[in-house]
Amino acid sequence: MLYAVIRVYPVVADMNGGTLIQVTGEGFTSMSSLQCIFAGEYYGPATYFNSTTVRCVAPAVSGTSESCGGESLEVALYPGLTTKNSIGLRRISTPAILSLEPAKGFYTEGQWVTVRGYGFLSATTLACRFLAVGRAPVTVRLPHVRAISGTEMQCYQPPVPRPFPVPSYLEVAIDGQIYSQSLIRYDIVGLPTSLELDPLTLRLSAAARPLLPPLRVYTIDEFQHRVLQYDVGTYVGNVTVYPEGQPGQLVRIDS
């Protein structure tokens, strides 16, 4: 009987385990003893689909692959009957994010985000995920992900139906399945709904011409994001100045 492993996908898998690997070959049989053998020493059950396809989950290993070609992944049909094709699976570290530029985007506008960190490499399975509690994750893959170097990637934030609640994050995966867990904030901002003052009140000493300290007014969306450059509207506000206490004491300014 002819049996062999021809290729595996993806060709990289996180060293902490959990990556689902599809093994394509020939001569596979549906048997309870069907197993995948990783690097000649890690055994795991294989799920049979047909005579040319099985799937198995990569186990956790103690380190990353020493070579770019990785370690062999073989299929054991039953004890004593194992493929010997040395098709490589490269084990990699979980990527980590240190910073994002820009760190926010508008919900109806797509934009590229530069991701800096470590553990990045070029792979056909690269993926970026925008996520927040209460929202379905938004995942982008090639060509909307670019590997620049071992410390830099680019992810495209697509338009989404609604802004994301706070907090929201951007995470990346090299094998397309096991994502970073860096929790670096990435805000997806919505339309302005109200105003925010910074500071809320101003206090100054009474004088013939008191010097008014800086007062900043921001538009914010439904999740309290400052809309900033994404709002080009013009707003008119009134400022009321009134005395509080005796002459010579403080005057409070409210908006």
# chains A, B, ... in the order shown; residues from 1 in each chain; ligands from 1
>>> closest_atom_pairs(of="stretch 66-144 of chain A", to="stretch 53-57 of chain A", cutoff="12 Å", atoms="only C-alpha atoms", output="JSON lines")
{"residue": "A:Leu73", "atom": "CA", "partner": "A:Cys56", "partner_atom": "CA", "distance": 10.3}
{"residue": "A:Glu74", "atom": "CA", "partner": "A:Cys56", "partner_atom": "CA", "distance": 10.9}
{"residue": "A:Val75", "atom": "CA", "partner": "A:Val54", "partner_atom": "CA", "distance": 8.8}
{"residue": "A:Ala76", "atom": "CA", "partner": "A:Val54", "partner_atom": "CA", "distance": 11.1}
{"residue": "A:Leu77", "atom": "CA", "partner": "A:Val54", "partner_atom": "CA", "distance": 10.9}
>>> select_by_dssp(residues="stretch 134-212 of chain A", states="strand (DSSP E)", output="ChimeraX atom specification")
/A:138-141,145-149,152-157,168-173,187-189,194-198,202-205
>>> write_last_selection(atoms="N, CA and C atoms", output="tab-separated table (two decimals), in the first residue's frame")
chain	number	residue	atom	x	y	z
A	138	VAL	N	-12.90	41.26	14.02
A	138	VAL	CA	-12.71	41.54	12.59
A	138	VAL	C	-11.30	41.08	12.24
A	139	THR	N	-11.21	40.07	11.38
A	139	THR	CA	-9.92	39.47	11.02
A	139	THR	C	-9.58	39.79	9.58
A	140	VAL	N	-8.34	40.20	9.34
A	140	VAL	CA	-7.86	40.44	7.98
A	140	VAL	C	-6.64	39.56	7.72
A	141	ARG	N	-6.52	39.10	6.49
A	141	ARG	CA	-5.40	38.25	6.06
A	141	ARG	C	-4.81	38.83	4.78
A	145	VAL	N	-2.41	42.20	5.12
A	145	VAL	CA	-1.37	42.11	6.14
A	145	VAL	C	-0.03	42.08	5.43
A	146	ARG	N	0.93	42.84	5.94
A	146	ARG	CA	2.25	42.87	5.33
A	146	ARG	C	3.32	42.61	6.39
A	147	ALA	N	4.26	41.72	6.06
A	147	ALA	CA	5.42	41.50	6.91
A	147	ALA	C	6.54	42.41	6.42
A	148	ILE	N	7.00	43.31	7.28
A	148	ILE	CA	8.05	44.26	6.90
A	148	ILE	C	9.41	43.75	7.37
A	149	SER	N	9.48	43.31	8.62
A	149	SER	CA	10.72	42.78	9.19
A	149	SER	C	10.36	41.93	10.39
A	152	GLU	N	8.47	44.43	12.62
A	152	GLU	CA	7.45	45.34	12.11
A	152	GLU	C	6.51	44.63	11.12
A	153	MET	N	5.22	44.88	11.29
A	153	MET	CA	4.19	44.42	10.38
A	153	MET	C	3.26	45.58	10.07
A	154	GLN	N	2.41	45.39	9.07
A	154	GLN	CA	1.35	46.35	8.78
A	154	GLN	C	0.03	45.61	8.66
A	155	CYS	N	-1.00	46.15	9.30
A	155	CYS	CA	-2.34	45.56	9.26
A	155	CYS	C	-3.30	46.61	8.71
A	156	TYR	N	-4.22	46.19	7.88
A	156	TYR	CA	-5.21	47.11	7.33
A	156	TYR	C	-6.49	47.03	8.15
A	157	GLN	N	-6.85	48.16	8.75
A	157	GLN	CA	-8.14	48.23	9.46
A	157	GLN	C	-9.23	48.53	8.44
A	168	SER	N	-10.61	48.31	23.17
A	168	SER	CA	-10.50	47.45	21.99
A	168	SER	C	-9.02	47.31	21.66
A	169	TYR	N	-8.69	46.23	20.95
A	169	TYR	CA	-7.28	45.88	20.75
A	169	TYR	C	-7.03	45.41	19.32
A	170	LEU	N	-5.77	45.38	18.96
A	170	LEU	CA	-5.31	44.76	17.72
A	170	LEU	C	-4.29	43.69	18.11
A	171	GLU	N	-4.49	42.45	17.61
A	171	GLU	CA	-3.55	41.37	17.85
A	171	GLU	C	-3.17	40.75	16.51
A	172	VAL	N	-2.01	40.08	16.47
A	172	VAL	CA	-1.52	39.49	15.22
A	172	VAL	C	-1.19	38.02	15.42
A	173	ALA	N	-1.25	37.25	14.33
A	173	ALA	CA	-0.89	35.83	14.34
A	173	ALA	C	-0.01	35.54	13.14
A	187	ASP	N	-8.18	51.99	19.15
A	187	ASP	CA	-9.55	52.48	19.21
A	187	ASP	C	-10.14	52.62	17.82
A	188	ILE	N	-11.38	52.16	17.65
A	188	ILE	CA	-12.13	52.38	16.41
A	188	ILE	C	-13.26	53.35	16.77
A	189	VAL	N	-13.12	54.57	16.29
A	189	VAL	CA	-13.90	55.72	16.74
A	189	VAL	C	-15.15	55.89	15.88
A	194	SER	N	-21.44	64.01	21.69
A	194	SER	CA	-21.49	65.01	22.76
A	194	SER	C	-20.12	65.68	22.89
A	195	LEU	N	-20.05	66.65	23.84
A	195	LEU	CA	-18.82	67.40	24.06
A	195	LEU	C	-18.19	67.00	25.38
A	196	GLU	N	-16.88	67.12	25.43
A	196	GLU	CA	-16.12	66.89	26.67
A	196	GLU	C	-15.23	68.09	26.91
A	197	LEU	N	-15.23	68.60	28.15
A	197	LEU	CA	-14.38	69.74	28.52
A	197	LEU	C	-13.17	69.26	29.29
A	198	ASP	N	-12.04	69.90	29.04
A	198	ASP	CA	-10.82	69.59	29.77
A	198	ASP	C	-10.10	70.89	30.10
A	202	LEU	N	-12.89	75.84	35.51
A	202	LEU	CA	-11.70	76.68	35.66
A	202	LEU	C	-11.89	77.60	36.84
A	203	ARG	N	-10.86	77.80	37.61
A	203	ARG	CA	-10.89	78.75	38.73
A	203	ARG	C	-9.74	79.72	38.57
A	204	LEU	N	-10.03	81.02	38.80
A	204	LEU	CA	-9.01	82.04	38.69
A	204	LEU	C	-9.31	83.16	39.66
A	205	SER	N	-8.28	83.90	40.00
A	205	SER	CA	-8.42	85.01	40.94
A	205	SER	C	-9.10	86.19	40.25
>>> closest_residue(among="A:Ala136, A:Ile178, A:Val113, A:Leu98", to="A:Asn16", atoms="only C-alpha atoms")
A:Ile178
>>> atom_distance(atom1="atom CA of A:Gln177", atom2="atom CA of A:Lys104")
24.0 Å
>>> closest_residue(among="A:Ser33, A:Gln224, A:Gln22, A:Thr234", to="A:Pro79", atoms="only C-alpha atoms")
A:Ser33
>>> closest_residue(among="A:Gly17, A:Val11, A:Leu81, A:Thr124", to="A:Leu34", atoms="only C-alpha atoms")
A:Leu81
>>> closest_residue(among="A:Val23, A:Ile37, A:Leu131, A:Ala58", to="A:Ile92", atoms="only C-alpha atoms")
A:Ala58
>>> closest_residue(among="A:Gly119, A:Gly88, A:Pro137, A:Pro213", to="A:Ser180", atoms="only C-alpha atoms")
A:Gly119
>>> atom_distance(atom1="atom CA of A:Ala103", atom2="atom CA of A:Arg185")
6.9 Å
>>> closest_atom_pairs(of="stretch 43-107 of chain A", to="stretch 162-165 of chain A", cutoff="12 Å", atoms="only C-alpha atoms", output="JSON lines")
{"residue": "A:Lys104", "atom": "CA", "partner": "A:Phe164", "partner_atom": "CA", "distance": 10.6}
{"residue": "A:Gly105", "atom": "CA", "partner": "A:Pro163", "partner_atom": "CA", "distance": 9.4}
{"residue": "A:Phe106", "atom": "CA", "partner": "A:Pro163", "partner_atom": "CA", "distance": 7.6}
{"residue": "A:Tyr107", "atom": "CA", "partner": "A:Pro163", "partner_atom": "CA", "distance": 5.3}
>>> write_last_selection(atoms="C-alpha atoms", output="CSV table (one decimal), in the first residue's frame")
chain,number,residue,atom,x,y,z
A,104,LYS,CA,-6.9,54.7,16.4
A,105,GLY,CA,-9.0,54.8,13.3
A,106,PHE,CA,-12.5,55.9,12.2
A,107,TYR,CA,-15.1,53.2,11.8
>>> residues_around(residues="A:Glu109", least_positions_apart="5", cutoff="9 Å", atoms="only C-alpha atoms", output="JSON list (two decimals) with N, CA and C atoms, in the first residue's frame")
[["chain", "number", "residue", "atom", "x", "y", "z"],
["A", 157, "GLN", "N", -6.85, 48.16, 8.75],
["A", 157, "GLN", "CA", -8.14, 48.23, 9.46],
["A", 157, "GLN", "C", -9.23, 48.53, 8.44],
["A", 158, "PRO", "N", -10.14, 47.59, 8.18],
["A", 158, "PRO", "CA", -11.20, 47.83, 7.20],
["A", 158, "PRO", "C", -12.32, 48.66, 7.82],
["A", 159, "PRO", "N", -13.19, 49.24, 6.99],
["A", 159, "PRO", "CA", -14.40, 49.86, 7.55],
["A", 159, "PRO", "C", -15.23, 48.81, 8.28],
["A", 160, "VAL", "N", -15.87, 49.22, 9.36],
["A", 160, "VAL", "CA", -16.71, 48.31, 10.16],
["A", 160, "VAL", "C", -18.08, 48.96, 10.34]]
>>> decode(residues="stretch 185-203 of chain A", atoms="N, CA and C atoms", output="compact mmCIF listing (two decimals), in the first residue's frame")
# COMPACT_ATOMS: atom_id res chain seq x y z
N ARG A 185 -3.85 48.89 23.08
CA ARG A 185 -5.12 49.50 22.68
C ARG A 185 -5.09 49.99 21.23
N TYR A 186 -6.17 49.71 20.53
CA TYR A 186 -6.44 50.31 19.23
C TYR A 186 -7.90 50.69 19.21
N ASP A 187 -8.18 51.99 19.15
CA ASP A 187 -9.55 52.48 19.21
C ASP A 187 -10.14 52.62 17.82
N ILE A 188 -11.38 52.16 17.65
CA ILE A 188 -12.13 52.38 16.41
C ILE A 188 -13.26 53.35 16.77
N VAL A 189 -13.12 54.57 16.29
CA VAL A 189 -13.90 55.72 16.74
C VAL A 189 -15.15 55.89 15.88
N GLY A 190 -16.23 56.42 16.51
CA GLY A 190 -17.48 56.65 15.81
C GLY A 190 -17.81 58.13 15.65
N LEU A 191 -19.04 58.40 15.25
CA LEU A 191 -19.50 59.77 15.05
C LEU A 191 -19.60 60.52 16.38
N PRO A 192 -19.39 61.84 16.37
CA PRO A 192 -19.50 62.60 17.62
C PRO A 192 -20.94 62.64 18.12
N THR A 193 -21.09 62.48 19.42
CA THR A 193 -22.43 62.52 20.04
C THR A 193 -22.55 63.58 21.13
N SER A 194 -21.44 64.01 21.69
CA SER A 194 -21.49 65.01 22.76
C SER A 194 -20.12 65.68 22.89
N LEU A 195 -20.05 66.65 23.84
CA LEU A 195 -18.82 67.40 24.06
C LEU A 195 -18.19 67.00 25.38
N GLU A 196 -16.88 67.12 25.43
CA GLU A 196 -16.12 66.89 26.67
C GLU A 196 -15.23 68.09 26.91
N LEU A 197 -15.23 68.60 28.15
CA LEU A 197 -14.38 69.74 28.52
C LEU A 197 -13.17 69.26 29.29
N ASP A 198 -12.04 69.90 29.04
CA ASP A 198 -10.82 69.59 29.77
C ASP A 198 -10.10 70.89 30.10
N PRO A 199 -10.15 71.33 31.37
CA PRO A 199 -10.80 70.69 32.52
C PRO A 199 -12.30 71.00 32.54
N LEU A 200 -13.03 70.32 33.44
CA LEU A 200 -14.47 70.55 33.54
C LEU A 200 -14.78 71.94 34.06
N THR A 201 -13.98 72.44 34.96
CA THR A 201 -14.18 73.80 35.50
C THR A 201 -12.83 74.51 35.56
N LEU A 202 -12.89 75.84 35.51
CA LEU A 202 -11.70 76.68 35.66
C LEU A 202 -11.89 77.60 36.84
N ARG A 203 -10.86 77.80 37.61
CA ARG A 203 -10.89 78.75 38.73
C ARG A 203 -9.74 79.72 38.57
